[in-house]
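Shown next: upload17.cif, containing mmCIF, C-alpha atoms and all ligand atoms.
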```
data_target
loop_
_atom_site.label_atom_id
_atom_site.label_comp_id
_atom_site.auth_asym_id
_atom_site.auth_seq_id
_atom_site.Cartn_x
_atom_site.Cartn_y
_atom_site.Cartn_z
CA MET O 53 147.90 -19.45 78.31
CA SER O 54 147.19 -17.13 81.22
CA LEU O 55 150.91 -16.34 81.48
CA LEU O 56 150.96 -15.43 77.79
CA ASN O 57 147.89 -13.22 78.05
CA TYR O 58 149.23 -11.59 81.16
CA SER O 59 152.58 -10.81 79.55
CA LEU O 60 150.86 -9.45 76.47
CA SER O 61 148.56 -7.34 78.59
CA LEU O 62 151.50 -5.72 80.39
CA ALA O 63 153.31 -5.30 77.08
CA ASP O 64 150.33 -3.71 75.34
CA SER O 65 149.61 -1.24 78.12
CA THR O 66 153.21 -0.07 78.37
CA LEU O 67 153.61 0.10 74.59
CA LEU O 68 150.47 2.16 74.03
CA LEU O 69 151.23 4.63 76.78
CA GLY O 70 154.77 4.92 75.43
CA GLN O 71 153.33 5.58 71.98
CA ARG O 72 150.83 8.14 73.28
CA ASN O 73 153.44 10.00 75.32
CA SER O 74 155.81 10.05 72.36
CA GLU O 75 153.24 12.14 70.48
CA TRP O 76 154.50 14.99 72.69
CA CYS O 77 157.96 14.80 71.14
CA GLY O 78 158.69 18.31 69.91
CA HIS O 79 155.40 19.63 71.34
CA GLY O 80 156.05 19.68 75.10
CA PRO O 81 155.22 22.91 76.95
CA VAL O 82 158.90 23.55 77.72
CA LEU O 83 162.01 21.81 76.47
CA GLU O 84 162.88 20.06 79.75
CA GLN O 85 159.41 18.59 80.09
CA ASP O 86 159.32 17.57 76.45
CA ILE O 87 162.51 15.64 77.18
CA ALA O 88 161.03 14.22 80.38
CA ILE O 89 157.87 12.83 78.78
CA THR O 90 159.79 11.33 75.88
CA ASN O 91 162.29 9.76 78.30
CA ILE O 92 159.32 8.18 80.05
CA SER O 93 158.11 6.93 76.67
CA LEU O 94 161.46 5.32 76.07
CA ASP O 95 161.33 3.53 79.43
CA LEU O 96 157.79 2.31 78.79
CA ILE O 97 158.62 1.05 75.31
CA GLY O 98 161.69 -0.67 76.79
CA GLN O 99 159.45 -2.41 79.31
CA ALA O 100 157.06 -3.36 76.52
CA ARG O 101 159.93 -4.92 74.57
CA ASN O 102 160.83 -7.09 77.53
CA PHE O 103 157.27 -8.30 77.98
CA TYR O 104 156.83 -8.91 74.23
CA GLN O 105 160.11 -10.81 74.03
CA TYR O 106 158.90 -13.00 76.85
CA ALA O 107 155.48 -13.46 75.23
CA ALA O 108 157.22 -14.48 71.99
CA ILE O 109 159.18 -17.15 73.86
CA ILE O 110 156.00 -18.47 75.47
CA ARG O 111 154.17 -18.57 72.13
CA ASN O 112 157.09 -20.33 70.51
CA ASP O 113 155.48 -20.03 67.07
CA GLY O 114 157.93 -17.74 65.32
CA SER O 115 156.43 -14.59 66.86
CA THR O 116 158.86 -11.83 67.70
CA GLU O 117 158.55 -8.65 69.73
CA ASP O 118 157.96 -6.84 66.43
CA THR O 119 155.22 -9.08 65.08
CA LEU O 120 153.44 -8.88 68.42
CA ALA O 121 153.61 -5.10 68.54
CA TYR O 122 153.03 -4.30 64.89
CA LEU O 123 150.96 -7.05 63.36
CA ARG O 124 148.21 -7.71 65.87
CA ASP O 125 144.77 -6.17 65.42
CA ALA O 126 142.88 -4.05 67.91
CA ARG O 127 140.80 -6.98 69.17
CA GLU O 128 143.97 -8.84 70.11
CA PHE O 129 145.35 -5.97 72.19
CA ARG O 130 144.93 -6.45 75.94
CA ASN O 131 145.85 -3.00 77.21
CA LEU O 132 143.95 -0.91 79.72
CA LEU O 133 141.53 1.51 78.07
CA LEU O 134 143.16 4.34 80.01
CA VAL O 135 146.34 4.23 77.94
CA GLU O 136 144.70 4.24 74.51
CA LEU O 137 142.79 7.47 75.12
CA PRO O 138 144.06 10.54 73.28
CA ASN O 139 146.52 12.71 75.21
CA GLY O 140 144.29 15.73 75.67
CA ASP O 141 146.21 18.69 77.06
CA TRP O 142 149.36 18.58 79.15
CA GLY O 143 147.38 18.34 82.37
CA SER O 144 145.48 15.33 81.12
CA THR O 145 148.70 13.64 79.95
CA ILE O 146 150.29 14.26 83.35
CA LEU O 147 147.29 13.01 85.29
CA ARG O 148 147.08 9.80 83.27
CA GLN O 149 150.81 9.24 83.75
CA PHE O 150 150.35 9.68 87.50
CA PHE O 151 147.45 7.19 87.60
CA PHE O 152 149.42 4.66 85.59
CA SER O 153 152.77 5.13 87.36
CA ASN O 154 151.06 4.85 90.73
CA TYR O 155 149.54 1.54 89.58
CA GLN O 156 152.76 0.28 87.99
CA HIS O 157 154.77 1.10 91.08
CA LEU O 158 152.50 -1.06 93.25
CA LEU O 159 152.23 -3.80 90.64
CA TYR O 160 155.97 -4.11 90.00
CA THR O 161 156.76 -3.99 93.69
CA LYS O 162 154.65 -7.14 94.10
CA LEU O 163 155.62 -8.69 90.79
CA GLN O 164 159.28 -8.69 91.82
CA GLN O 165 158.29 -11.57 94.13
CA SER O 166 156.66 -13.54 91.32
CA ASN O 167 157.41 -17.26 91.14
CA ASP O 168 157.99 -16.64 87.44
CA GLU O 169 161.65 -15.64 87.19
CA GLN O 170 161.36 -13.61 84.03
CA LEU O 171 158.38 -11.54 85.17
CA ALA O 172 160.17 -10.94 88.47
CA ALA O 173 163.33 -9.80 86.67
CA ILE O 174 161.49 -7.41 84.36
CA ALA O 175 159.54 -5.96 87.29
CA ALA O 176 162.63 -5.43 89.44
CA LYS O 177 164.40 -3.75 86.55
CA ALA O 178 161.48 -1.54 85.57
CA LEU O 179 160.57 -0.57 89.12
CA LYS O 180 163.58 1.73 89.33
CA GLU O 181 162.40 3.64 86.27
CA VAL O 182 158.80 3.77 87.39
CA THR O 183 159.92 5.28 90.68
CA TYR O 184 161.22 8.28 88.75
CA HIS O 185 158.03 8.46 86.67
CA LEU O 186 155.86 8.42 89.76
CA ARG O 187 157.80 11.17 91.46
CA TRP O 188 157.84 13.34 88.36
CA SER O 189 154.13 12.93 87.60
CA SER O 190 153.16 13.41 91.28
CA GLU O 191 155.05 16.68 91.38
CA TRP O 192 153.33 17.87 88.22
CA VAL O 193 149.86 16.91 89.45
CA ILE O 194 150.52 19.02 92.55
CA ARG O 195 152.07 21.88 90.62
CA LEU O 196 149.15 22.11 88.18
CA GLY O 197 146.34 21.24 90.59
CA ASP O 198 147.54 23.78 93.12
CA GLY O 199 148.69 26.24 90.46
CA THR O 200 146.68 28.94 88.74
CA ALA O 201 142.88 29.02 88.39
CA GLU O 202 143.34 27.94 84.77
CA SER O 203 145.65 25.01 85.55
CA HIS O 204 143.38 23.89 88.39
CA ARG O 205 140.34 23.97 86.12
CA ARG O 206 142.14 21.96 83.45
CA MET O 207 143.30 19.35 85.96
CA ASN O 208 139.77 19.05 87.23
CA ASP O 209 138.43 18.60 83.69
CA ALA O 210 141.06 15.95 83.03
CA LEU O 211 140.11 14.23 86.26
CA GLN O 212 136.41 14.01 85.29
CA GLU O 213 137.46 12.62 81.92
CA LEU O 214 139.99 10.04 83.10
CA TRP O 215 138.66 8.85 86.43
CA PRO O 216 136.05 6.46 84.90
CA TYR O 217 138.96 4.61 83.27
CA THR O 218 140.93 4.00 86.47
CA GLY O 219 138.75 1.21 87.85
CA GLU O 220 139.81 -1.23 85.15
CA MET O 221 143.28 -1.48 86.66
CA PHE O 222 141.83 -3.22 89.72
CA ILE O 223 139.05 -5.33 88.22
CA PRO O 224 140.54 -8.70 87.33
CA VAL O 225 139.76 -10.53 84.11
CA PRO O 226 139.90 -14.36 83.99
CA PHE O 227 143.57 -14.62 82.98
CA GLU O 228 144.55 -12.30 85.81
CA LYS O 229 142.60 -14.35 88.33
CA GLU O 230 144.17 -17.52 87.05
CA ILE O 231 147.69 -16.17 87.23
CA ALA O 232 147.05 -14.72 90.69
CA ASN O 233 145.92 -18.15 91.88
CA LYS O 234 149.25 -19.56 90.77
CA GLN O 235 151.07 -16.85 92.80
CA THR O 236 152.65 -15.60 89.60
CA ALA O 237 151.21 -12.10 89.86
CA PRO O 238 149.24 -10.13 92.44
CA ASP O 239 145.47 -10.01 92.15
CA PRO O 240 144.84 -6.55 90.65
CA GLY O 241 142.17 -5.92 93.27
CA SER O 242 144.78 -6.18 96.02
CA LEU O 243 146.52 -3.05 94.72
CA LYS O 244 143.50 -0.81 94.93
CA ASP O 245 143.67 0.42 98.54
CA ALA O 246 147.30 1.47 98.33
CA TRP O 247 146.63 3.15 94.99
CA MET O 248 143.71 5.12 96.41
CA GLU O 249 145.77 6.11 99.41
CA LYS O 250 148.60 7.49 97.29
CA THR O 251 146.15 9.22 94.96
CA ALA O 252 144.35 10.82 97.89
CA GLU O 253 147.66 12.03 99.33
CA ILE O 254 148.75 13.66 96.07
CA PHE O 255 145.27 15.07 95.39
CA HIS O 256 145.21 16.61 98.83
CA ALA O 257 148.44 18.48 98.09
CA ALA O 258 147.10 19.34 94.63
CA THR O 259 143.79 20.70 96.02
CA LEU O 260 141.87 18.24 93.84
CA ASP O 261 138.85 16.29 95.12
CA LEU O 262 138.61 12.54 94.74
CA PRO O 263 135.53 11.76 92.65
CA GLY O 264 132.83 9.61 94.23
CA ASN O 265 131.63 6.30 92.88
CA VAL O 266 131.13 6.46 89.13
CA PHE O 267 130.60 3.89 86.41
CA MET O 268 133.95 2.36 85.43
CA HIS O 269 134.69 1.44 81.81
CA THR O 270 136.25 -1.98 81.31
CA GLY O 271 136.96 -4.38 78.47
CA GLY O 272 140.42 -3.39 77.24
CA LYS O 273 142.16 -6.38 78.81
CA GLU O 274 139.77 -8.64 76.91
CA GLY O 275 140.07 -6.87 73.58
CA ASN O 276 136.99 -4.63 73.77
CA HIS O 277 138.37 -1.18 73.16
CA THR O 278 137.30 2.40 72.68
CA GLU O 279 137.22 3.82 69.16
CA HIS O 280 140.55 5.53 69.87
CA ILE O 281 142.67 2.41 69.64
CA GLY O 282 142.18 2.15 65.87
CA PHE O 283 143.79 5.53 65.36
CA VAL O 284 146.78 4.94 67.59
CA LEU O 285 147.41 1.49 66.09
CA ALA O 286 147.08 2.85 62.56
CA GLU O 287 149.79 5.37 63.23
CA MET O 288 152.02 2.97 65.13
CA GLN O 289 151.66 -0.02 62.82
CA PHE O 290 151.50 1.73 59.46
CA LEU O 291 155.11 1.30 58.47
CA GLN O 292 155.34 -2.42 59.26
CA ARG O 293 152.00 -3.10 57.59
CA ALA O 294 152.85 -1.12 54.46
CA TYR O 295 156.45 -2.34 54.20
CA PRO O 296 156.57 -5.73 55.94
CA GLY O 297 159.93 -6.47 57.55
CA ALA O 298 161.21 -2.92 57.05
CA GLU O 299 164.35 -2.17 59.04
CA TRP O 300 166.85 0.62 59.32
CA MET M 204 182.55 -4.76 88.32
CA ILE M 205 183.32 -8.44 88.05
CA TYR M 206 186.95 -9.49 88.00
CA PRO M 207 188.05 -12.29 85.73
CA VAL M 208 188.56 -15.54 87.57
CA ASP M 209 189.44 -17.74 84.65
CA ILE M 210 192.77 -16.99 82.99
CA SER M 211 191.42 -18.02 79.55
CA THR M 212 188.95 -15.15 79.67
CA GLN M 213 191.67 -12.54 80.22
CA PRO M 214 192.11 -11.60 76.52
CA VAL M 215 188.34 -11.19 76.18
CA TRP M 216 188.17 -8.83 79.15
CA THR M 217 190.99 -6.81 77.58
CA ILE M 218 189.06 -6.52 74.32
CA LEU M 219 185.89 -5.54 76.19
CA SER M 220 187.77 -2.84 78.09
CA ASN M 221 188.26 -1.07 74.74
CA ILE M 222 184.60 -1.06 73.75
CA MET M 223 183.02 2.26 74.59
CA ASP M 224 179.47 3.19 75.50
CA PRO M 225 178.19 4.90 72.31
CA GLU M 226 176.32 7.51 74.33
CA VAL M 227 179.11 8.35 76.77
CA PRO M 228 182.17 7.56 74.68
CA VAL M 229 184.72 8.02 77.50
CA LEU M 230 183.27 5.06 79.42
CA SER M 231 184.11 1.52 78.45
CA ILE M 232 181.41 -1.06 78.92
CA LEU M 233 183.49 -2.41 81.82
CA ASP M 234 183.60 1.03 83.46
CA LEU M 235 179.84 1.12 83.12
CA GLY M 236 179.54 -2.24 84.86
CA ILE M 237 177.20 -3.84 82.35
CA VAL M 238 179.37 -6.87 81.51
CA ARG M 239 178.32 -9.54 83.98
CA LYS M 240 180.06 -12.69 82.82
CA VAL M 241 182.48 -14.02 80.24
CA THR M 242 182.82 -17.71 79.36
CA VAL M 243 185.40 -19.09 76.95
CA ASN M 244 185.67 -22.58 75.46
CA ASP M 245 188.41 -22.72 72.84
CA ASP M 246 187.02 -20.60 70.01
CA ASP M 247 183.60 -20.13 71.58
CA VAL M 248 182.89 -17.15 73.76
CA GLU M 249 179.78 -16.04 75.54
CA VAL M 250 179.43 -12.54 76.99
CA VAL M 251 176.58 -11.73 79.33
CA ILE M 252 175.53 -8.09 79.51
CA THR M 253 172.72 -6.30 81.32
CA PRO M 254 170.99 -3.08 80.20
CA THR M 255 171.27 0.15 82.17
CA TYR M 256 167.65 1.10 81.45
CA THR M 257 165.05 -1.15 79.82
CA GLY M 258 164.66 1.28 76.94
CA CYS M 259 168.37 2.01 76.50
CA PRO M 260 168.80 2.21 72.71
CA ALA M 261 172.55 1.67 73.04
CA MET M 262 172.22 -1.98 74.04
CA ASP M 263 171.81 -3.34 70.54
CA MET M 264 174.76 -1.33 69.35
CA ILE M 265 176.88 -2.51 72.28
CA SER M 266 175.94 -6.15 71.57
CA ALA M 267 176.94 -5.68 67.94
CA SER M 268 180.28 -4.07 68.89
CA VAL M 269 181.11 -6.88 71.30
CA ARG M 270 180.36 -9.45 68.65
CA MET M 271 182.37 -7.67 65.96
CA GLU M 272 185.43 -7.06 68.12
CA LEU M 273 185.56 -10.66 69.33
CA LEU M 274 185.09 -12.08 65.83
CA ALA M 275 187.84 -9.76 64.62
CA ALA M 276 190.08 -11.13 67.38
CA GLY M 277 189.61 -14.64 66.02
CA TYR M 278 186.88 -16.13 68.17
CA LYS M 279 184.68 -18.29 65.96
CA ASN M 280 181.39 -18.48 67.82
CA VAL M 281 180.46 -15.38 69.72
CA SER M 282 177.20 -15.07 71.57
CA VAL M 283 176.10 -12.00 73.46
CA LEU M 284 173.36 -12.66 75.95
CA GLN M 285 171.27 -9.94 77.58
CA VAL M 286 169.99 -10.62 81.08
CA LEU M 287 167.83 -8.42 83.30
CA SER M 288 168.52 -9.89 86.69
CA PRO M 289 170.09 -8.74 88.91
CA ALA M 290 169.16 -5.29 87.69
CA TRP M 291 172.01 -2.94 86.85
CA THR M 292 172.84 -0.25 89.35
CA THR M 293 175.22 2.69 89.20
CA GLU M 294 176.99 1.03 92.15
CA TRP M 295 178.60 -1.20 89.52
CA MET M 296 180.31 1.70 87.82
CA SER M 297 184.05 1.58 88.38
CA GLU M 298 185.85 4.33 90.31
CA GLN M 299 187.96 4.87 87.22
CA GLY M 300 184.75 5.29 85.24
CA LYS M 301 183.46 7.92 87.65
CA LYS M 302 186.74 9.83 87.29
CA LYS M 303 186.55 9.68 83.51
CA LEU M 304 182.94 10.90 83.55
CA LYS M 305 183.87 13.93 85.61
CA GLU M 306 186.77 14.80 83.33
CA TYR M 307 184.35 14.52 80.42
CA GLY M 308 182.05 17.10 82.05
CA ILE M 309 179.38 14.77 83.42
CA ALA M 310 178.84 14.64 87.18
CA PRO M 311 179.30 10.98 88.27
CA PRO M 312 176.53 9.16 90.17
CA ASN M 313 176.38 9.66 93.90
CA PRO M 314 176.33 6.52 96.03
CA LEU M 315 172.83 5.06 96.18
CA GLN M 316 172.04 5.56 99.82
CA GLN M 317 172.83 9.25 99.56
CA VAL M 318 170.24 10.32 97.00
CA CYS M 319 168.01 7.50 95.88
CA HIS M 320 165.00 8.40 97.94
CA HIS M 321 161.67 9.24 96.50
CA ASP M 322 160.41 12.31 98.27
CA LEU M 323 158.70 14.91 96.16
CA PHE M 324 160.30 18.16 95.14
CA MET M 325 163.71 17.05 96.34
CA ASN M 326 165.63 19.46 94.16
CA ASP M 327 168.47 20.14 96.54
CA GLU M 328 170.53 17.02 95.99
CA ALA M 329 174.18 17.79 96.54
CA ILE M 330 175.64 17.32 93.08
CA GLN M 331 179.04 18.75 92.43
CA CYS M 332 179.67 20.83 89.30
CA PRO M 333 182.13 18.86 87.14
CA HIS M 334 183.53 22.12 85.72
CA CYS M 335 184.36 24.29 88.76
CA GLU M 336 183.78 21.80 91.61
CA SER M 337 181.17 24.00 93.25
CA TRP M 338 178.43 22.26 95.24
CA HIS M 339 176.18 25.23 94.63
CA THR M 340 174.08 23.66 91.88
CA ARG M 341 170.41 23.18 91.04
CA LEU M 342 168.34 20.52 89.33
CA ILE M 343 166.85 21.70 86.05
CA SER M 344 165.22 18.41 85.03
CA GLU M 345 165.31 14.89 86.31
CA PHE M 346 165.29 13.66 82.72
CA GLY M 347 168.17 14.64 80.46
CA SER M 348 169.69 13.92 77.08
CA THR M 349 169.63 10.17 77.69
CA ALA M 350 167.71 7.92 80.08
CA CYS M 351 170.65 7.69 82.49
CA LYS M 352 171.20 11.41 82.96
CA SER M 353 169.49 14.39 84.53
CA LEU M 354 170.17 18.05 83.85
CA TYR M 355 171.73 20.44 86.36
CA GLN M 356 173.05 23.96 86.39
CA CYS M 357 175.92 25.37 88.41
CA LYS M 358 174.98 28.53 90.29
CA ASP M 359 178.62 29.63 90.47
CA CYS M 360 180.05 29.16 86.99
CA GLN M 361 176.51 29.16 85.49
CA GLU M 362 177.32 26.20 83.24
CA PRO M 363 174.62 23.60 82.70
CA PHE M 364 175.83 20.01 83.06
CA ASP M 365 174.62 16.42 82.95
CA TYR M 366 174.47 14.29 86.08
CA PHE M 367 174.67 10.53 85.65
CA LYS M 368 171.84 9.79 88.05
CA CYS M 369 172.05 7.08 90.65
CA HIS M 370 170.00 4.07 89.79
ZN ZN O 401 180.43 25.27 88.11
#
```

Here is the file; what I need is its structure written in the form of C-alpha cells.
Amino acid sequence: MSLLNYSLSLADSTLLLGQRNSEWCGHGPVLEQDIAITNISLDLIGQARNFYQYAAIIRNDGSTEDTLAYLRDAREFRNLLLVELPNGDWGSTILRQFFFSNYQHLLYTKLQQSNDEQLAAIAAKALKEVTYHLRWSSEWVIRLGDGTAESHRRMNDALQELWPYTGEMFIPVPFEKEIANKQTAPDPGSLKDAWMEKTAEIFHAATLDLPGNVFMHTGGKEGNHTEHIGFVLAEMQFLQRAYPGAEW
Amino acid sequence: MIYPVDISTQPVWTILSNIMDPEVPVLSILDLGIVRKVTVNDDDVEVVITPTYTGCPAMDMISASVRMELLAAGYKNVSVLQVLSPAWTTEWMSEQGKKKLKEYGIAPPNPLQQVCHHDLFMNDEAIQCPHCESWHTRLISEFGSTACKSLYQCKDCQEPFDYFKCH
C-alpha cells in the first residue's frame, strides 16, 4: 500500500507540474523559452506516465495510467501543493520549477539506489532529464533575480508567495516514512540540507535573500489540497470525463 | 548497439534496420540504439526497446511500426516490450547514425564525457555546424524542436541548426 501511494504521489506531482507548465504553450515570453518550458512539461508528463503505469500494475484492478490520471478526484491526488498553484508570471513559474527540479534531482539521485527495481529504473532514466531542467531553471533564477529592478522585484514577490509551499517536500507523511523504513525510497527529510545548500548557492548568485522560518503549508500528499486543484483537474480531466474512453 | 548473436534473429534485425525514427526520419531505430534485444521462437518474436526520453511521443508509434512490419513479414505473435533500465544514452547511437544525422543537417551528439557536465551558463560547447563545418557556433536554446535536440546557430554561415544533445 505504501508503495502504491508513493508511486501515485510521484506521478501526481510530476503530472500536475507538467500540466501547469504546459499552460505556457504559445504564451512564453520568447519562442525559445516557450519551447523550453513545454519540453520540460513533456519530460514531466513522461515521468508521470511511468509512475502511473507502475501504480496500475501494483493496483492490479484494471486501472490504467489514463484512469489514474483522468478519473481520480481531487481528494485522491497526492501531489505537493506547490505544483497545483497557478503559474503566476514567468518569474514565478521559473522559481517553482527551480524549487521542484532541485528537489527532484536529489530525490532521483537517491531513488536510483532503491531496492525496488522499477522505481530505481524510472529514477535513473528521469534523472538525466531533470539535470537539464535544474540547470535551465537555475540559470533563469539568476538571470531574473540579478536582472533589472523590475525582474528582481517580481522574483522576490514570487519567492514570498512560493516559499511557504517548499517545506512540504521534506516533511514525510506516513506512507513516505513506511517506504523509507523499507529502504525503498529516501526519507524526504534527508534531502533538505542539500536542497537548502543548492538554493542558497543559486540565490546568492541571483541576489535573492533566503526567507527565514515561516509557516509551511502541508496536506497535498494526503489529499488535502488548495482550492486551485479543482480548476487544474477540471481542465485536465474534462475530455475523459465528458467523453469516457475518448482516443485519437 | 547490440549485435545479433542468434542466427534465427537475423531476419528480424534486418526488418528493424528499415524502421525509421518518425521524428528524425534518416535514423533507423537501430542507428538510434533503442532496440535492446530480439528473441525469436518459431513464429513468435519479442522485441525489447527503450525510450530515448521518458516523454518521447514517438515511442508508441515506433512500437506500432515494429509490430506491423513483423506481422507483415509473417511472424504470428509479435510483442514489443518497453524497458527503462539501463537508461538509453546517446553513446548507443551508431557511428553510421551520427554520419546520417550530420548529412541531414543535425549536429550529432558529442561523446558524453566531453559535454555532459552541469555547470551553469555553459554556452560555449564546441558543436560543429553540420552545414559548413565551422566550430564557431553558439547555443540558442538547450531545448529544441523535440526533447532530444537543442538549438544552435552558426556564427560563420549564420544558419540555425539542431544539435542532437548528448544524454
Ligand atoms: Zn555554418

Tell me, counting all atoms listed in the file, for each residue of chain M within 12 Å of ligand ZN 401 (chain O), which pair of atoms is nearest and how far apart they are in Å to one decimal, in rows ordered by chain and increasing number, as a Markdown table.
```
| residue | atom | partner | partner_atom | distance |
| --- | --- | --- | --- | --- |
| M:Gly308 | CA | O:ZN401 | ZN | 10.3 |
| M:Ile309 | CA | O:ZN401 | ZN | 11.5 |
| M:Ala310 | CA | O:ZN401 | ZN | 10.8 |
| M:Ile330 | CA | O:ZN401 | ZN | 10.5 |
| M:Gln331 | CA | O:ZN401 | ZN | 7.9 |
| M:Cys332 | CA | O:ZN401 | ZN | 4.7 |
| M:Pro333 | CA | O:ZN401 | ZN | 6.7 |
| M:His334 | CA | O:ZN401 | ZN | 5.0 |
| M:Cys335 | CA | O:ZN401 | ZN | 4.1 |
| M:Glu336 | CA | O:ZN401 | ZN | 6.0 |
| M:Ser337 | CA | O:ZN401 | ZN | 5.3 |
| M:Trp338 | CA | O:ZN401 | ZN | 8.0 |
| M:His339 | CA | O:ZN401 | ZN | 7.8 |
| M:Thr340 | CA | O:ZN401 | ZN | 7.6 |
| M:Arg341 | CA | O:ZN401 | ZN | 10.6 |
| M:Tyr355 | CA | O:ZN401 | ZN | 10.1 |
| M:Gln356 | CA | O:ZN401 | ZN | 7.7 |
| M:Cys357 | CA | O:ZN401 | ZN | 4.5 |
| M:Lys358 | CA | O:ZN401 | ZN | 6.7 |
| M:Asp359 | CA | O:ZN401 | ZN | 5.3 |
| M:Cys360 | CA | O:ZN401 | ZN | 4.1 |
| M:Gln361 | CA | O:ZN401 | ZN | 6.1 |
| M:Glu362 | CA | O:ZN401 | ZN | 5.9 |
| M:Pro363 | CA | O:ZN401 | ZN | 8.1 |
| M:Phe364 | CA | O:ZN401 | ZN | 8.6 |
| M:Asp365 | CA | O:ZN401 | ZN | 11.8 |
```

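Atom CA of O:Trp76 to atom CA of O:His185 spans 15.8 Å [interatomic distance, one decimal].
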
Worksheet entry | Interatomic distance (Å, one decimal) between atom CA of M:Asp246 and atom CA of M:Lys279 | 5.2 Å

Practice prompt. Find, counting all atoms listed in the file, the residue in O:Glu136, O:Asp118, O:Glu84, O:Asp168 that gets nearest to O:Thr236.
Written response: O:Asp168

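Here atom CA of O:Trp215 and atom CA of O:Pro263 stand 7.5 Å from one another.
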
Practice prompt. For stretch 264-273 of chain M, work out the shell of residues within 10 Å, counting all atoms listed in the file and skipping chain neighbours fewer than 6 positions away, then give it as JSON, numbers by chain.
Written response: {"M": [214, 215, 218, 219, 221, 222, 223, 224, 225, 232, 247, 248, 249, 250, 251, 252, 254, 279, 280, 281, 282, 283, 284, 285]}

Worksheet entry | At most 12 Å to chain M: residues in chain O, all atoms listed in the file, as a PyMOL selection string | chain O and resi 66-67+70+82-103+105-106+157+164+169-195+253-254+257

Discussion item. When you look at stretch 289-294 of chain O with a cut-off of 8 Å (counting only C-alpha atoms), what residues show up, excluding the ones that are within fewer than 2 positions of it in the same chain? I need them as a ChimeraX atom specification.
Written reply: /O:121-123,285-287,296-298

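Considering only C-alpha atoms, the residue among M:Ile210, M:Leu304, M:Val243, M:Ala275 positioned nearest to M:Val229 is M:Leu304.
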
For M:Leu230, find every residue with an atom within 12 Å (counting only C-alpha atoms), except residues of its own chain fewer than 4 positions away, and show them as a compact mmCIF listing (two decimals) with C-alpha atoms, keeping the file's coordinate frame.
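What follows is the written file around_16.txt:
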```txt
# COMPACT_ATOMS: atom_id res chain seq x y z
CA LEU M 219 185.89 -5.54 76.19
CA SER M 220 187.77 -2.84 78.09
CA ASN M 221 188.26 -1.07 74.74
CA ILE M 222 184.60 -1.06 73.75
CA MET M 223 183.02 2.26 74.59
CA ASP M 224 179.47 3.19 75.50
CA PRO M 225 178.19 4.90 72.31
CA GLU M 226 176.32 7.51 74.33
CA ASP M 234 183.60 1.03 83.46
CA LEU M 235 179.84 1.12 83.12
CA GLY M 236 179.54 -2.24 84.86
CA ILE M 237 177.20 -3.84 82.35
CA MET M 296 180.31 1.70 87.82
CA SER M 297 184.05 1.58 88.38
CA GLU M 298 185.85 4.33 90.31
CA GLN M 299 187.96 4.87 87.22
CA GLY M 300 184.75 5.29 85.24
CA LYS M 301 183.46 7.92 87.65
CA LYS M 302 186.74 9.83 87.29
CA LYS M 303 186.55 9.68 83.51
CA LEU M 304 182.94 10.90 83.55
CA LYS M 305 183.87 13.93 85.61
CA GLU M 306 186.77 14.80 83.33
CA TYR M 307 184.35 14.52 80.42
CA ILE M 309 179.38 14.77 83.42
CA PRO M 311 179.30 10.98 88.27
CA PHE M 367 174.67 10.53 85.65
```

Take every atom of stretch 114-122 of chain O listed in the file, pad by 3 Å on each side, and give me the axis-aligned box centre and edge lengths in Å, one decimal, as lines of an AutoDock Vina configuration file.
```
center_x = 155.9
center_y = -11.0
center_z = 67.3
size_x = 11.8
size_y = 19.4
size_z = 10.8
```

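Closest to O:Leu262 among O:Ala237, O:Met221, O:Ile281, O:Leu214 is O:Leu214, based on all atoms listed in the file.
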
Practice prompt. Please provide the set of residues having any atom within 12 Å of O:Arg127, restricted to all atoms listed in the file, with same-chain residues fewer than 5 positions apart removed, written as a PyMOL selection string.
Written response: chain O and resi 64+271-279+281-282+285

Since the input is missing atoms, can you rebuild N, CA and C atoms for stretch 230-240 of chain O and write them as a CSV table (one decimal), in the frame of the given file?
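Final file, result-v7.csv:
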```csv
chain,number,residue,atom,x,y,z
O,230,GLU,N,143.5,-16.2,87.2
O,230,GLU,CA,144.2,-17.5,87.0
O,230,GLU,C,145.6,-17.4,87.5
O,231,ILE,N,146.3,-16.3,87.0
O,231,ILE,CA,147.7,-16.2,87.2
O,231,ILE,C,147.9,-15.8,88.7
O,232,ALA,N,146.9,-15.1,89.3
O,232,ALA,CA,147.0,-14.7,90.7
O,232,ALA,C,146.9,-16.0,91.6
O,233,ASN,N,146.1,-16.9,91.1
O,233,ASN,CA,145.9,-18.2,91.9
O,233,ASN,C,147.2,-19.0,91.9
O,234,LYS,N,148.0,-18.8,90.8
O,234,LYS,CA,149.2,-19.6,90.8
O,234,LYS,C,150.4,-18.8,91.5
O,235,GLN,N,150.1,-17.7,92.1
O,235,GLN,CA,151.1,-16.8,92.8
O,235,GLN,C,152.1,-16.3,91.8
O,236,THR,N,151.7,-16.1,90.6
O,236,THR,CA,152.6,-15.6,89.6
O,236,THR,C,152.5,-14.1,89.5
O,237,ALA,N,151.4,-13.5,89.9
O,237,ALA,CA,151.2,-12.1,89.9
O,237,ALA,C,150.2,-11.7,90.9
O,238,PRO,N,150.2,-10.5,91.4
O,238,PRO,CA,149.2,-10.1,92.4
O,238,PRO,C,147.9,-10.0,91.8
O,239,ASP,N,146.8,-10.3,92.6
O,239,ASP,CA,145.5,-10.0,92.2
O,239,ASP,C,145.4,-8.5,92.0
O,240,PRO,N,144.9,-8.0,90.9
O,240,PRO,CA,144.8,-6.6,90.6
O,240,PRO,C,144.0,-5.8,91.7
```
